[in-house]
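Next up, structure_0.txt (compact mmCIF, C-alpha atoms and all ligand atoms):
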```txt
# COMPACT_ATOMS: atom_id res chain seq x y z
CA MET A 282 31.24 13.29 -27.79
CA ARG A 283 28.33 15.66 -27.30
CA GLY A 284 26.48 13.81 -30.08
CA ARG A 285 26.99 10.45 -28.35
CA ILE A 286 25.67 11.77 -25.06
CA ALA A 287 22.62 13.19 -26.81
CA LEU A 288 22.09 9.87 -28.60
CA ALA A 289 22.37 7.94 -25.30
CA ALA A 290 19.86 10.30 -23.69
CA ILE A 291 17.44 9.85 -26.60
CA LEU A 292 17.79 6.04 -26.39
CA LEU A 293 17.11 6.12 -22.66
CA LEU A 294 14.06 8.30 -23.14
CA CYS A 295 12.78 5.98 -25.87
CA SER A 296 13.27 2.97 -23.57
CA SER A 297 10.80 4.48 -21.08
CA GLY A 298 7.63 2.48 -21.02
CA CYS A 299 4.22 3.63 -22.04
CA ALA A 300 2.52 5.36 -19.12
CA LEU A 301 -1.19 4.83 -18.59
CA SER A 302 -3.16 8.06 -18.81
CA GLU A 303 -6.49 6.43 -17.95
CA ARG A 304 -7.98 3.21 -16.63
CA TYR A 305 -6.73 0.06 -18.34
CA VAL A 306 -8.51 -3.30 -18.26
CA ARG A 307 -7.02 -6.30 -20.04
CA ASP A 308 -9.48 -7.77 -22.58
CA GLY A 309 -11.32 -10.77 -21.17
CA ALA A 310 -9.31 -10.83 -17.91
CA LEU A 311 -12.13 -9.68 -15.62
CA GLU A 312 -15.84 -10.31 -15.58
CA THR A 313 -18.04 -7.29 -14.92
CA ALA A 314 -20.15 -7.78 -11.80
CA PRO A 315 -23.92 -7.59 -12.20
CA GLN A 316 -26.09 -5.43 -9.96
CA HIS A 317 -26.74 -7.32 -6.73
CA GLU A 318 -30.25 -7.93 -5.48
CA GLY A 319 -29.32 -9.83 -2.31
CA GLY A 320 -28.71 -7.04 0.21
CA ALA A 321 -25.61 -5.06 1.03
CA PRO A 322 -22.16 -6.61 1.30
CA HIS A 323 -19.50 -6.48 3.98
CA SER A 324 -16.54 -4.53 2.64
CA VAL A 325 -12.84 -4.08 3.19
CA ILE A 326 -11.47 -0.82 1.79
CA LEU A 327 -7.82 -0.77 0.82
CA MET A 328 -6.41 2.72 1.17
CA GLY A 329 -2.66 3.17 0.86
CA ASP A 330 -0.28 6.12 1.02
CA ALA A 331 -2.83 8.61 2.33
CA GLY A 332 -0.22 10.53 4.33
CA GLU A 333 -0.32 13.93 2.66
CA PRO A 334 -3.98 15.01 2.40
CA ALA A 335 -4.96 18.49 1.27
CA ALA A 336 -4.66 21.14 3.99
CA ASP A 337 -7.11 23.69 2.56
CA ARG A 338 -10.13 21.41 2.03
CA LEU A 339 -11.35 17.90 2.69
CA ASP A 340 -9.13 15.85 0.42
CA PRO A 341 -11.18 14.60 -2.60
CA VAL A 342 -10.22 10.96 -1.97
CA PHE A 343 -11.17 11.30 1.69
CA ALA A 344 -14.49 12.91 0.67
CA ALA A 345 -15.18 10.02 -1.69
CA LEU A 346 -14.40 7.45 0.99
CA ARG A 347 -16.65 9.28 3.47
CA ALA A 348 -19.50 9.17 0.94
CA ASP A 349 -18.81 5.46 0.46
CA LEU A 350 -18.93 4.83 4.23
CA GLY A 351 -22.08 6.93 4.52
CA ARG A 352 -23.86 4.75 1.99
CA ALA A 353 -22.80 1.58 3.86
CA HIS A 354 -23.91 3.16 7.14
CA THR A 355 -27.46 3.63 5.87
CA GLN A 356 -27.41 -0.04 4.83
CA ALA A 357 -26.17 -0.97 8.34
CA ARG A 358 -23.27 -2.92 6.92
CA PRO A 359 -19.82 -2.89 8.60
CA ARG A 360 -16.84 -1.66 6.65
CA LEU A 361 -13.19 -2.10 7.54
CA VAL A 362 -10.84 0.56 6.17
CA VAL A 363 -7.22 -0.59 5.99
CA PHE A 364 -4.67 2.21 5.77
CA LEU A 365 -1.84 0.40 4.04
CA GLY A 366 1.10 2.45 5.28
CA ASP A 367 2.87 5.71 4.52
CA ASN A 368 0.11 7.21 6.64
CA VAL A 369 2.26 10.25 7.45
CA TYR A 370 4.69 11.65 4.89
CA PRO A 371 7.59 12.08 4.81
CA ASN A 372 8.98 10.91 8.15
CA GLY A 373 6.12 9.45 10.16
CA VAL A 374 5.10 11.03 13.47
CA PRO A 375 8.01 12.65 15.32
CA TRP A 376 8.23 13.16 19.09
CA ARG A 377 5.80 15.64 20.64
CA GLY A 378 7.32 19.10 20.60
CA HIS A 379 9.14 18.53 17.29
CA PRO A 380 8.42 21.32 14.75
CA ASP A 381 6.79 18.78 12.39
CA TYR A 382 4.57 17.21 15.04
CA SER A 383 1.43 19.30 14.55
CA GLU A 384 1.35 18.76 10.78
CA ALA A 385 1.95 15.02 11.24
CA ARG A 386 -0.92 14.99 13.73
CA ARG A 387 -3.20 16.83 11.29
CA ARG A 388 -2.47 14.32 8.52
CA LEU A 389 -3.35 11.41 10.77
CA GLU A 390 -6.40 13.12 12.22
CA GLU A 391 -7.80 13.73 8.72
CA GLN A 392 -7.65 9.98 8.14
CA ILE A 393 -9.36 9.17 11.44
CA ARG A 394 -12.07 11.75 10.71
CA ILE A 395 -13.09 9.91 7.53
CA LEU A 396 -14.79 7.41 9.83
CA GLU A 397 -16.30 9.92 12.26
CA GLY A 398 -20.06 9.43 12.74
CA PHE A 399 -20.08 5.93 11.23
CA PRO A 400 -20.10 3.46 14.14
CA SER A 401 -20.39 0.51 11.75
CA ALA A 402 -16.97 1.35 10.25
CA SER A 403 -13.57 0.62 11.74
CA ALA A 404 -10.00 1.32 10.69
CA LEU A 405 -6.77 -0.62 10.75
CA PHE A 406 -3.47 1.22 10.35
CA ILE A 407 -0.38 -0.58 9.08
CA SER A 408 2.97 1.17 8.86
CA GLY A 409 4.92 1.78 5.67
CA ASN A 410 8.50 2.76 4.99
CA HIS A 411 7.80 6.47 5.51
CA ASP A 412 6.22 5.76 8.91
CA TRP A 413 9.48 4.02 9.80
CA ARG A 414 11.72 6.69 8.21
CA GLY A 415 14.76 7.54 10.31
CA VAL A 416 14.33 4.47 12.48
CA ALA A 417 17.33 3.52 14.56
CA ASP A 418 18.59 -0.05 14.80
CA ASP A 419 18.35 0.10 18.57
CA GLY A 420 14.61 0.66 18.28
CA THR A 421 14.67 4.16 19.78
CA LYS A 422 12.71 5.61 16.86
CA GLY A 423 9.93 4.10 14.84
CA PRO A 424 6.18 4.06 14.27
CA GLY A 425 5.41 3.81 18.01
CA GLU A 426 4.47 7.47 18.31
CA GLU A 427 2.12 7.10 15.34
CA ALA A 428 0.46 4.07 16.93
CA ARG A 429 -0.13 5.99 20.16
CA LEU A 430 -1.50 8.97 18.24
CA VAL A 431 -3.93 6.76 16.28
CA GLU A 432 -5.26 5.48 19.59
CA GLU A 433 -5.55 8.98 21.08
CA LEU A 434 -7.25 10.54 18.04
CA ALA A 435 -9.63 7.62 17.62
CA ARG A 436 -10.70 7.93 21.26
CA ALA A 437 -11.22 11.69 20.92
CA ARG A 438 -13.28 11.29 17.74
CA ASN A 439 -15.18 8.21 18.92
CA VAL A 440 -13.84 6.17 16.00
CA LYS A 441 -12.81 2.51 16.08
CA ALA A 442 -9.20 2.40 14.91
CA GLN A 443 -6.20 0.24 15.74
CA PHE A 444 -2.58 0.03 14.71
CA GLU A 445 -1.21 -3.38 13.77
CA PRO A 446 1.08 -5.17 14.42
CA ALA A 447 0.57 -3.77 17.91
CA ILE A 448 3.41 -1.84 19.53
CA ALA A 449 3.93 -2.32 23.26
CA PRO A 450 3.33 0.73 25.48
CA GLY A 451 6.46 2.88 25.53
CA ALA A 452 8.11 0.93 22.68
CA MET A 453 8.93 2.55 19.35
CA ALA A 454 8.57 -0.42 17.02
CA PRO A 455 6.67 -3.68 16.71
CA THR A 456 8.55 -6.85 17.51
CA ARG A 457 6.50 -9.12 15.24
CA VAL A 458 5.99 -8.87 11.50
CA VAL A 459 2.55 -10.51 11.59
CA GLY A 460 -0.29 -8.80 13.47
CA GLU A 461 -3.64 -9.95 14.80
CA PRO A 462 -6.39 -10.64 12.24
CA ARG A 463 -9.33 -8.27 11.99
CA TYR A 464 -12.76 -9.37 10.79
CA CYS A 465 -15.53 -7.91 8.68
CA GLY A 466 -18.32 -10.47 8.11
CA PRO A 467 -17.06 -13.08 5.66
CA LEU A 468 -13.76 -11.20 5.22
CA ALA A 469 -10.64 -11.19 7.41
CA VAL A 470 -7.50 -9.07 7.18
CA VAL A 471 -4.13 -10.29 8.43
CA PRO A 472 -1.81 -7.28 8.76
CA VAL A 473 1.94 -7.51 8.21
CA ASP A 474 4.64 -4.89 8.74
CA THR A 475 6.68 -5.31 5.56
CA THR A 476 9.27 -2.72 6.61
CA LEU A 477 10.10 -4.83 9.66
CA TRP A 478 10.07 -7.93 7.42
CA ILE A 479 12.69 -6.37 5.11
CA ARG A 480 14.76 -5.20 8.08
CA GLU A 481 14.77 -8.67 9.65
CA LEU A 482 15.92 -10.27 6.40
CA THR A 483 18.61 -7.61 5.94
CA LYS A 484 19.79 -8.00 9.54
CA ALA A 485 20.13 -11.76 9.00
CA ARG A 486 22.13 -11.14 5.83
CA TRP A 487 24.63 -8.90 7.61
CA SER A 488 24.73 -10.69 10.98
CA ASP A 489 27.91 -12.38 12.25
CA SER A 490 26.70 -15.67 10.86
CA GLY A 491 25.36 -13.82 7.83
CA SER A 492 24.68 -16.17 4.99
CA GLU A 493 21.86 -17.14 2.69
CA SER A 494 20.91 -19.88 5.18
CA ALA A 495 20.44 -17.25 7.93
CA VAL A 496 18.18 -15.29 5.57
CA ALA A 497 16.29 -18.48 4.67
CA ALA A 498 15.73 -19.27 8.36
CA VAL A 499 14.20 -15.81 9.01
CA SER A 500 12.10 -16.11 5.86
CA GLU A 501 10.86 -19.54 6.93
CA ARG A 502 9.96 -18.28 10.42
CA ILE A 503 7.94 -15.30 9.12
CA GLY A 504 6.26 -17.52 6.50
CA GLN A 505 5.16 -19.94 9.24
CA GLU A 506 3.90 -17.07 11.43
CA LEU A 507 1.83 -15.78 8.53
CA LYS A 508 0.42 -19.23 7.81
CA VAL A 509 -0.60 -19.68 11.46
CA ALA A 510 -2.38 -16.29 11.44
CA VAL A 511 -4.17 -16.97 8.14
CA ASP A 512 -5.23 -20.47 9.26
CA ARG A 513 -6.45 -19.09 12.58
CA ALA A 514 -8.50 -16.41 10.80
CA ARG A 515 -10.15 -19.11 8.68
CA GLU A 516 -11.18 -21.08 11.77
CA ARG A 517 -13.97 -18.62 12.60
CA PRO A 518 -17.50 -19.97 12.05
CA GLU A 519 -17.89 -17.78 8.93
CA HIS A 520 -14.70 -19.32 7.41
CA PRO A 521 -13.61 -15.87 6.28
CA LEU A 522 -11.85 -15.12 3.04
CA VAL A 523 -8.46 -13.78 4.09
CA ILE A 524 -6.66 -10.73 2.78
CA VAL A 525 -3.02 -10.31 3.81
CA ALA A 526 -2.33 -6.58 4.03
CA GLY A 527 1.14 -5.01 4.00
CA HIS A 528 2.85 -2.02 2.50
CA HIS A 529 5.54 -3.07 0.00
CA THR A 530 4.70 -4.44 -3.43
CA LEU A 531 5.37 -7.97 -4.61
CA GLU A 532 4.94 -6.83 -8.21
CA SER A 533 4.36 -3.35 -9.61
CA TYR A 534 4.77 -1.48 -12.86
CA GLY A 535 5.68 1.94 -11.52
CA ASN A 536 8.87 3.58 -10.23
CA HIS A 537 9.33 1.00 -7.44
CA GLY A 538 9.17 -1.70 -10.11
CA ALA A 539 11.83 0.11 -12.19
CA GLN A 540 9.40 1.63 -14.69
CA PHE A 541 10.08 5.28 -15.41
CA SER A 542 8.64 7.97 -17.63
CA TRP A 543 10.47 10.55 -19.73
CA LYS A 544 9.60 13.04 -16.95
CA ASP A 545 11.58 10.92 -14.50
CA HIS A 546 14.55 11.13 -16.89
CA LEU A 547 14.31 14.90 -17.15
CA PHE A 548 13.08 15.99 -13.72
CA PHE A 549 14.32 13.38 -11.32
CA LEU A 550 14.61 15.90 -8.49
CA GLY A 551 10.84 16.41 -8.63
CA ASN A 552 10.14 12.70 -8.83
CA GLY A 553 7.20 11.70 -6.70
CA PHE A 554 5.98 15.17 -5.76
CA ASP A 555 2.84 16.90 -6.89
CA GLU A 556 4.59 20.19 -7.09
CA GLY A 557 8.28 20.73 -7.25
CA ASP A 558 11.18 22.68 -8.53
CA TYR A 559 11.37 20.98 -11.89
CA LEU A 560 14.92 21.67 -12.85
CA PRO A 561 15.58 19.71 -16.05
CA LEU A 562 18.68 17.55 -15.58
CA PRO A 563 18.49 15.16 -18.55
CA ILE A 564 21.84 13.34 -18.31
CA LEU A 565 21.89 13.14 -14.52
CA GLY A 566 18.23 12.14 -14.53
CA SER A 567 18.82 9.31 -17.00
CA LEU A 568 21.83 8.11 -15.02
CA TYR A 569 19.74 8.12 -11.86
CA VAL A 570 16.96 6.15 -13.57
CA LEU A 571 19.48 3.69 -15.04
CA ILE A 572 21.26 3.12 -11.74
CA ARG A 573 18.05 2.92 -9.71
CA GLY A 574 16.45 0.54 -12.22
CA SER A 575 19.52 -1.72 -12.19
CA GLY A 576 18.99 -2.43 -8.48
CA VAL A 577 22.54 -1.54 -7.40
CA MET A 578 21.33 1.32 -5.18
CA PRO A 579 20.70 0.07 -1.64
CA LEU A 580 17.08 1.25 -1.73
CA GLN A 581 15.28 -1.33 0.35
CA ASP A 582 11.98 -0.03 -0.99
CA ASP A 583 12.57 -0.81 -4.67
CA GLN A 584 11.66 -4.21 -6.05
CA PHE A 585 14.96 -4.87 -7.80
CA SER A 586 17.37 -3.77 -5.06
CA GLN A 587 19.03 -6.60 -3.12
CA PRO A 588 16.82 -6.10 -0.02
CA GLY A 589 13.78 -5.79 -2.29
CA ARG A 590 14.54 -9.05 -4.13
CA ARG A 591 15.15 -10.85 -0.85
CA PHE A 592 11.83 -9.60 0.55
CA ARG A 593 9.83 -10.45 -2.56
CA ALA A 594 11.17 -14.01 -2.64
CA SER A 595 10.29 -14.38 1.03
CA LEU A 596 6.80 -12.88 0.60
CA GLU A 597 6.06 -15.03 -2.44
CA GLN A 598 7.05 -18.16 -0.53
CA ALA A 599 4.89 -17.12 2.44
CA LEU A 600 1.86 -16.43 0.23
CA LYS A 601 2.19 -19.80 -1.48
CA LEU A 602 2.27 -21.43 1.94
CA SER A 603 -0.69 -19.57 3.48
CA ARG A 604 -2.82 -19.16 0.32
CA PRO A 605 -4.98 -16.12 1.16
CA LEU A 606 -7.54 -14.64 -1.22
CA ALA A 607 -5.39 -11.56 -1.85
CA TYR A 608 -2.23 -9.73 -0.93
CA ALA A 609 -2.98 -6.01 -0.67
CA CYS A 610 -0.39 -3.27 -0.42
CA GLY A 611 0.29 0.38 -1.19
CA HIS A 612 3.74 1.92 -1.74
CA GLU A 613 3.32 2.52 -5.49
CA HIS A 614 1.09 5.56 -5.93
CA ALA A 615 -1.28 3.98 -8.39
CA LEU A 616 -4.09 1.43 -8.50
CA GLN A 617 -3.10 -1.95 -9.91
CA ILE A 618 -4.80 -5.37 -10.02
CA LEU A 619 -2.30 -8.09 -10.91
CA ARG A 620 -2.52 -11.86 -11.37
CA LYS A 621 0.42 -14.22 -11.15
CA ASP A 622 0.28 -18.02 -11.43
CA GLY A 623 0.11 -19.81 -8.09
CA LEU A 624 -0.40 -16.61 -6.12
CA PRO A 625 -3.41 -14.79 -4.68
CA TRP A 626 -4.80 -11.62 -6.20
CA LEU A 627 -2.12 -8.94 -6.00
CA LEU A 628 -3.77 -5.59 -5.23
CA VAL A 629 -1.77 -2.36 -5.20
CA SER A 630 -3.67 0.58 -3.74
CA GLY A 631 -1.29 3.45 -3.04
CA ALA A 632 -3.26 6.44 -4.31
CA GLY A 633 -4.95 7.42 -1.05
CA TYR A 634 -4.79 11.20 -1.28
CA PHE A 635 -5.49 13.37 -4.31
CA ARG A 636 -2.39 13.85 -6.45
CA THR A 637 -2.43 16.57 -9.08
CA ARG A 638 0.48 14.90 -10.84
CA ALA A 639 -0.45 11.40 -12.00
CA PRO A 640 2.12 8.75 -11.06
CA HIS A 641 3.90 6.75 -13.73
CA VAL A 642 2.26 3.35 -14.04
CA GLU A 643 2.27 0.94 -16.95
CA ALA A 644 0.29 -2.13 -17.95
CA GLY A 645 2.76 -4.98 -17.50
CA PRO A 646 2.49 -8.71 -18.23
CA LEU A 647 0.72 -9.39 -14.90
CA THR A 648 -1.68 -6.43 -15.07
CA VAL A 649 -5.37 -7.19 -15.42
CA ALA A 650 -6.48 -3.65 -14.53
CA ALA A 651 -4.75 -0.44 -13.50
CA SER A 652 -5.29 3.28 -13.20
CA PRO A 653 -3.01 6.27 -12.65
CA ARG A 654 -5.84 8.16 -10.94
CA SER A 655 -6.18 8.77 -7.20
CA GLY A 656 -8.58 6.54 -5.29
CA TYR A 657 -8.71 3.14 -3.66
CA LEU A 658 -9.72 -0.50 -4.06
CA ARG A 659 -12.56 -2.22 -2.22
CA ILE A 660 -13.51 -5.85 -1.72
CA ASP A 661 -17.24 -6.55 -1.26
CA ALA A 662 -18.34 -9.92 0.07
CA TRP A 663 -21.82 -11.37 0.55
CA SER A 664 -22.75 -14.15 2.97
CA THR A 665 -23.21 -16.37 -0.11
CA ARG A 666 -19.41 -16.01 -0.57
CA GLU A 667 -19.84 -14.04 -3.75
CA ILE A 668 -17.00 -11.53 -3.89
CA GLU A 669 -16.46 -8.43 -5.98
CA LEU A 670 -13.50 -6.17 -6.48
CA VAL A 671 -14.17 -2.46 -6.88
CA LEU A 672 -11.74 0.03 -8.42
CA MET A 673 -12.69 3.49 -7.19
CA GLU A 674 -11.25 6.43 -9.14
CA VAL A 675 -11.69 9.90 -7.70
CA SER A 676 -11.71 13.27 -9.46
CA ASP A 677 -10.58 16.64 -8.15
CA ASP A 678 -14.17 17.51 -7.15
CA GLY A 679 -14.61 14.26 -5.18
CA THR A 680 -16.78 12.49 -7.77
CA ARG A 681 -16.26 8.75 -7.93
CA VAL A 682 -16.16 6.32 -10.81
CA GLU A 683 -16.68 2.72 -9.72
CA SER A 684 -15.62 -0.29 -11.78
CA ARG A 685 -16.84 -3.61 -10.38
CA TRP A 686 -15.68 -7.10 -11.26
CA ARG A 687 -16.33 -10.59 -9.99
CA MET A 688 -13.50 -11.87 -7.83
CA ALA A 689 -13.02 -15.63 -7.87
CA GLU A 690 -11.47 -17.36 -4.85
FE FE A 701 6.10 3.41 0.68
```

Would you mind giving the structure from this file in C-alpha cells?
Ligand SMILES: [Fe+2]
Amino acid sequence: MRGRIALAAILLLCSSGCALSERYVRDGALETAPQHEGGAPHSVILMGDAGEPAADRLDPVFAALRADLGRAHTQARPRLVVFLGDNVYPNGVPWRGHPDYSEARRRLEEQIRILEGFPSASALFISGNHDWRGVADDGTKGPGEEARLVEELARARNVKAQFEPAIAPGAMAPTRVVGEPRYCGPLAVVPVDTTLWIRELTKARWSDSGSESAVAAVSERIGQELKVAVDRARERPEHPLVIVAGHHTLESYGNHGAQFSWKDHLFFLGNGFDEGDYLPLPILGSLYVLIRGSGVMPLQDDQFSQPGRRFRASLEQALKLSRPLAYACGHEHALQILRKDGLPWLLVSGAGYFRTRAPHVEAGPLTVAASPRSGYLRIDAWSTREIELVLMEVSDDGTRVESRWRMAE
C-alpha cells in the first residue's frame, strides 16, 4: 500500500509541467521592433497584482515603473498606467478603523506615489478578486472603500487616478461590468470588472429561473455593453486602438490555468506566498493539486472551475463581438503574451510587485512569450499607428530589461 502511494505521488510529480526559469520567446512568433526615429510614443502600462509592495524600501517594480514614467515625462508624452486588480492583498481595503486599514492604505498609496511628480501620467484602477474578497451578496461590502481611497490619495498627492467601473458615492460595489473608456493618444482602454462579471453569471445560474438560457442572456447583455463601449471609444477622431482591461485570465499557463510545479505538490500551504511556513505535505499537496486542477472545487478564480469556464466562454464571445486590439489582465503572477485564433492579443501582466519566489508559469500551446520574473507589459503607439509591445522584467535592484516587439493590429 505504502509503495502504491509513493508511486502515485511520483507519477503526479512527474506530470507537473516544465516551469520557465527565464524569459521564453517562441521561435519566429514575434518580430523584434527596430529603434524608432519618429519621436516618442503614447503608452499604456499594464500593471497587475501590485497589492503587496515592499514595506522597507521602494518596491523594485515600482522603482522601475517610476523610472519609465520619468523618461516619458522628459519626452512630454502621456502615459496611462492601468492597475489590473488585486491592488490590495489579501482582502482589499476594509472599513476605516479596522486593524488592517492602515496597511491597506499604505499599499494603495505606494501605487499612487509611482505617478507623483509626473503630470503627463494618469492611472486607472480596476478591481480584482482580492479587492472584492469577503463581498456580501447584498452589496454591503466590496471595492467601494478602495475606490474612495484612490480618489482621496490621488487628490492629496496631486496625481490623476480614477477607479473604474465607477462606484456611486456611498455604494460598496459597481453596478456595471463595463466602465468608461480612458484615452492615451492613439490608444484607448475599456475597463471591465471581471469579478462582477463572474458573479452576475453565477447569480443567473443559481437564480429561481436558473438555467443555461439565463446565463446566456446575462452573457449576451454584457457582451453587447462591451461592444458599445469599444465602438464608442473608436469613434474618437484619432480612431484609437482599443485595449479591454480586466482582471481574470482568458488563458494562462500558471496555477489558475491548472499548471502546477513539484513545489505546489509538496508545499501547497505555502502556495502563492513569497515566504511561508513550508511544511512538506506530499500526499495532501498532490491531492489538492489534482482536485483543484480538475475544476471540481468551486473556485471562481480558476479557469477550469464551473464559474471560471462560464466566464471564459462569455468573455471569449464578447471579445469576438467587439474585436479590440488586446485583452489585458493580471491574476496570474507572471508575464504572458498569448495568441489564439480569432481573438485579440491576450496579455497577462500580474507580476506588479517584486516577488522573491518566482511563480510557476509554463510555455503552453498559445504562448508566444512569457517570463516568471516580476515586472509589467507596456504598449507603445505612434501617431502613424505603429504599435509595439514591451515586456519589462525587473531585478531585485530595480534594473530593467526591456524586450520590444512589433504588435500587429
Ligand atoms: Fe486575482

Please provide the set of residues having any atom within 10 Å of segment 515-520 of chain A, restricted to all atoms listed in the file, with same-chain residues fewer than 5 positions apart removed, written as a ChimeraX atom specification. /A:462,464,466-469,509-510,605,664,666

Go through the chains and note each residue within 8 Å of ligand FE 701 (chain A), using only C-alpha atoms and all ligand atoms, then give the set as a PyMOL selection string. chain A and resi 330+366-367+409-411+528-529+582+611-613

Okay, now the selection with C-alpha atoms, as a short mmCIF file (atom, residue, chain, number, x, y, z; two decimals), in the frame of the given file?
```
data_model
loop_
_atom_site.label_atom_id
_atom_site.label_comp_id
_atom_site.auth_asym_id
_atom_site.auth_seq_id
_atom_site.Cartn_x
_atom_site.Cartn_y
_atom_site.Cartn_z
CA ASP A 330 -0.28 6.12 1.02
CA GLY A 366 1.10 2.45 5.28
CA ASP A 367 2.87 5.71 4.52
CA GLY A 409 4.92 1.78 5.67
CA ASN A 410 8.50 2.76 4.99
CA HIS A 411 7.80 6.47 5.51
CA HIS A 528 2.85 -2.02 2.50
CA HIS A 529 5.54 -3.07 0.00
CA ASP A 582 11.98 -0.03 -0.99
CA GLY A 611 0.29 0.38 -1.19
CA HIS A 612 3.74 1.92 -1.74
CA GLU A 613 3.32 2.52 -5.49
#
```

Give me the residues within 8 Å of Ala404 of chain A as a PDB file with C-alpha atoms, keeping the file's coordinate frame, counting only C-alpha atoms and dropping any in the same chain fewer than 2 places off.
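File produced: part-v1.pdb:
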```pdb
ATOM      1  CA  LEU A 361     -13.190  -2.100   7.540  1.00  0.00           C
ATOM      2  CA  VAL A 362     -10.840   0.560   6.170  1.00  0.00           C
ATOM      3  CA  VAL A 363      -7.220  -0.590   5.990  1.00  0.00           C
ATOM      4  CA  PHE A 364      -4.670   2.210   5.770  1.00  0.00           C
ATOM      5  CA  ILE A 393      -9.360   9.170  11.440  1.00  0.00           C
ATOM      6  CA  LEU A 396     -14.790   7.410   9.830  1.00  0.00           C
ATOM      7  CA  ALA A 402     -16.970   1.350  10.250  1.00  0.00           C
ATOM      8  CA  PHE A 406      -3.470   1.220  10.350  1.00  0.00           C
ATOM      9  CA  LYS A 441     -12.810   2.510  16.080  1.00  0.00           C
ATOM     10  CA  ALA A 442      -9.200   2.400  14.910  1.00  0.00           C
ATOM     11  CA  GLN A 443      -6.200   0.240  15.740  1.00  0.00           C
TER      12      GLN A 443
END
```

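Every protein or nucleic acid residue with an atom no more than 9 Å from Val671 of chain A, counting all atoms listed in the file and leaving out same-chain residues fewer than 3 positions away, appears here: A:Tyr657, A:Leu658, A:Arg659, A:Ile660, A:Asp661, A:Glu683, A:Ser684, A:Arg685, A:Trp686, A:Arg687.
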
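When only C-alpha atoms are used to measure the gap to Pro646 of chain A, the shortest distance among A:Ala321, A:Leu389, A:Ala310, A:Met688 belongs to A:Ala310.
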
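Interatomic distance, atom CA of Ala632 of chain A to atom CA of Leu327 of chain A: 10.0 Å.
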
A:Arg347, A:Arg681, A:His614, A:His379: which is nearest Ser630 of chain A, counting all atoms listed in the file? A:His614

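Atom CA of Leu405 of chain A sits 20.1 Å away from atom CA of Pro371 of chain A.
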
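Residues surrounding His354 of chain A within 8 Å are A:Phe399, A:Pro400, A:Ser401, A:Ala402 [only C-alpha atoms; sequence separation below 6 positions excluded].
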
Atoms kept (N, CA and C atoms) for segment 398-412 of chain A, as a PDB file, in the first residue's frame:
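And here is the file that came out, result_4.pdb:
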```pdb
ATOM      1  N   GLY A 398       4.536  63.628  -9.284  1.00  0.00           N
ATOM      2  CA  GLY A 398       5.517  64.492  -9.958  1.00  0.00           C
ATOM      3  C   GLY A 398       5.520  64.353 -11.473  1.00  0.00           C
ATOM      4  N   PHE A 399       4.647  63.499 -12.002  1.00  0.00           N
ATOM      5  CA  PHE A 399       4.578  63.312 -13.459  1.00  0.00           C
ATOM      6  C   PHE A 399       3.179  63.686 -13.949  1.00  0.00           C
ATOM      7  N   PRO A 400       2.939  64.977 -14.190  1.00  0.00           N
ATOM      8  CA  PRO A 400       1.578  65.384 -14.574  1.00  0.00           C
ATOM      9  C   PRO A 400       1.112  64.822 -15.913  1.00  0.00           C
ATOM     10  N   SER A 401       2.051  64.319 -16.726  1.00  0.00           N
ATOM     11  CA  SER A 401       1.620  63.756 -18.014  1.00  0.00           C
ATOM     12  C   SER A 401       1.142  62.311 -17.860  1.00  0.00           C
ATOM     13  N   ALA A 402       1.280  61.749 -16.663  1.00  0.00           N
ATOM     14  CA  ALA A 402       0.851  60.356 -16.447  1.00  0.00           C
ATOM     15  C   ALA A 402      -0.469  60.324 -15.682  1.00  0.00           C
ATOM     16  N   SER A 403      -1.269  59.301 -15.959  1.00  0.00           N
ATOM     17  CA  SER A 403      -2.502  59.115 -15.197  1.00  0.00           C
ATOM     18  C   SER A 403      -2.682  57.624 -14.929  1.00  0.00           C
ATOM     19  N   ALA A 404      -3.519  57.335 -13.931  1.00  0.00           N
ATOM     20  CA  ALA A 404      -3.703  55.927 -13.532  1.00  0.00           C
ATOM     21  C   ALA A 404      -5.173  55.553 -13.560  1.00  0.00           C
ATOM     22  N   LEU A 405      -5.393  54.287 -13.872  1.00  0.00           N
ATOM     23  CA  LEU A 405      -6.737  53.723 -13.872  1.00  0.00           C
ATOM     24  C   LEU A 405      -6.679  52.468 -13.007  1.00  0.00           C
ATOM     25  N   PHE A 406      -7.524  52.407 -11.996  1.00  0.00           N
ATOM     26  CA  PHE A 406      -7.558  51.230 -11.115  1.00  0.00           C
ATOM     27  C   PHE A 406      -8.796  50.389 -11.433  1.00  0.00           C
ATOM     28  N   ILE A 407      -8.555  49.092 -11.613  1.00  0.00           N
ATOM     29  CA  ILE A 407      -9.649  48.142 -11.849  1.00  0.00           C
ATOM     30  C   ILE A 407      -9.600  47.140 -10.702  1.00  0.00           C
ATOM     31  N   SER A 408     -10.733  46.685 -10.228  1.00  0.00           N
ATOM     32  CA  SER A 408     -10.653  45.755  -9.088  1.00  0.00           C
ATOM     33  C   SER A 408     -10.476  44.306  -9.550  1.00  0.00           C
ATOM     34  N   GLY A 409      -9.840  43.540  -8.660  1.00  0.00           N
ATOM     35  CA  GLY A 409      -9.645  42.105  -8.881  1.00  0.00           C
ATOM     36  C   GLY A 409     -10.354  41.326  -7.791  1.00  0.00           C
ATOM     37  N   ASN A 410     -10.205  40.015  -7.823  1.00  0.00           N
ATOM     38  CA  ASN A 410     -10.932  39.192  -6.852  1.00  0.00           C
ATOM     39  C   ASN A 410     -10.536  39.494  -5.402  1.00  0.00           C
ATOM     40  N   HIS A 411      -9.252  39.848  -5.178  1.00  0.00           N
ATOM     41  CA  HIS A 411      -8.851  40.153  -3.798  1.00  0.00           C
ATOM     42  C   HIS A 411      -9.434  41.483  -3.332  1.00  0.00           C
ATOM     43  N   ASP A 412      -9.632  42.416  -4.253  1.00  0.00           N
ATOM     44  CA  ASP A 412     -10.261  43.689  -3.871  1.00  0.00           C
ATOM     45  C   ASP A 412     -11.724  43.478  -3.488  1.00  0.00           C
TER      46      ASP A 412
END
```
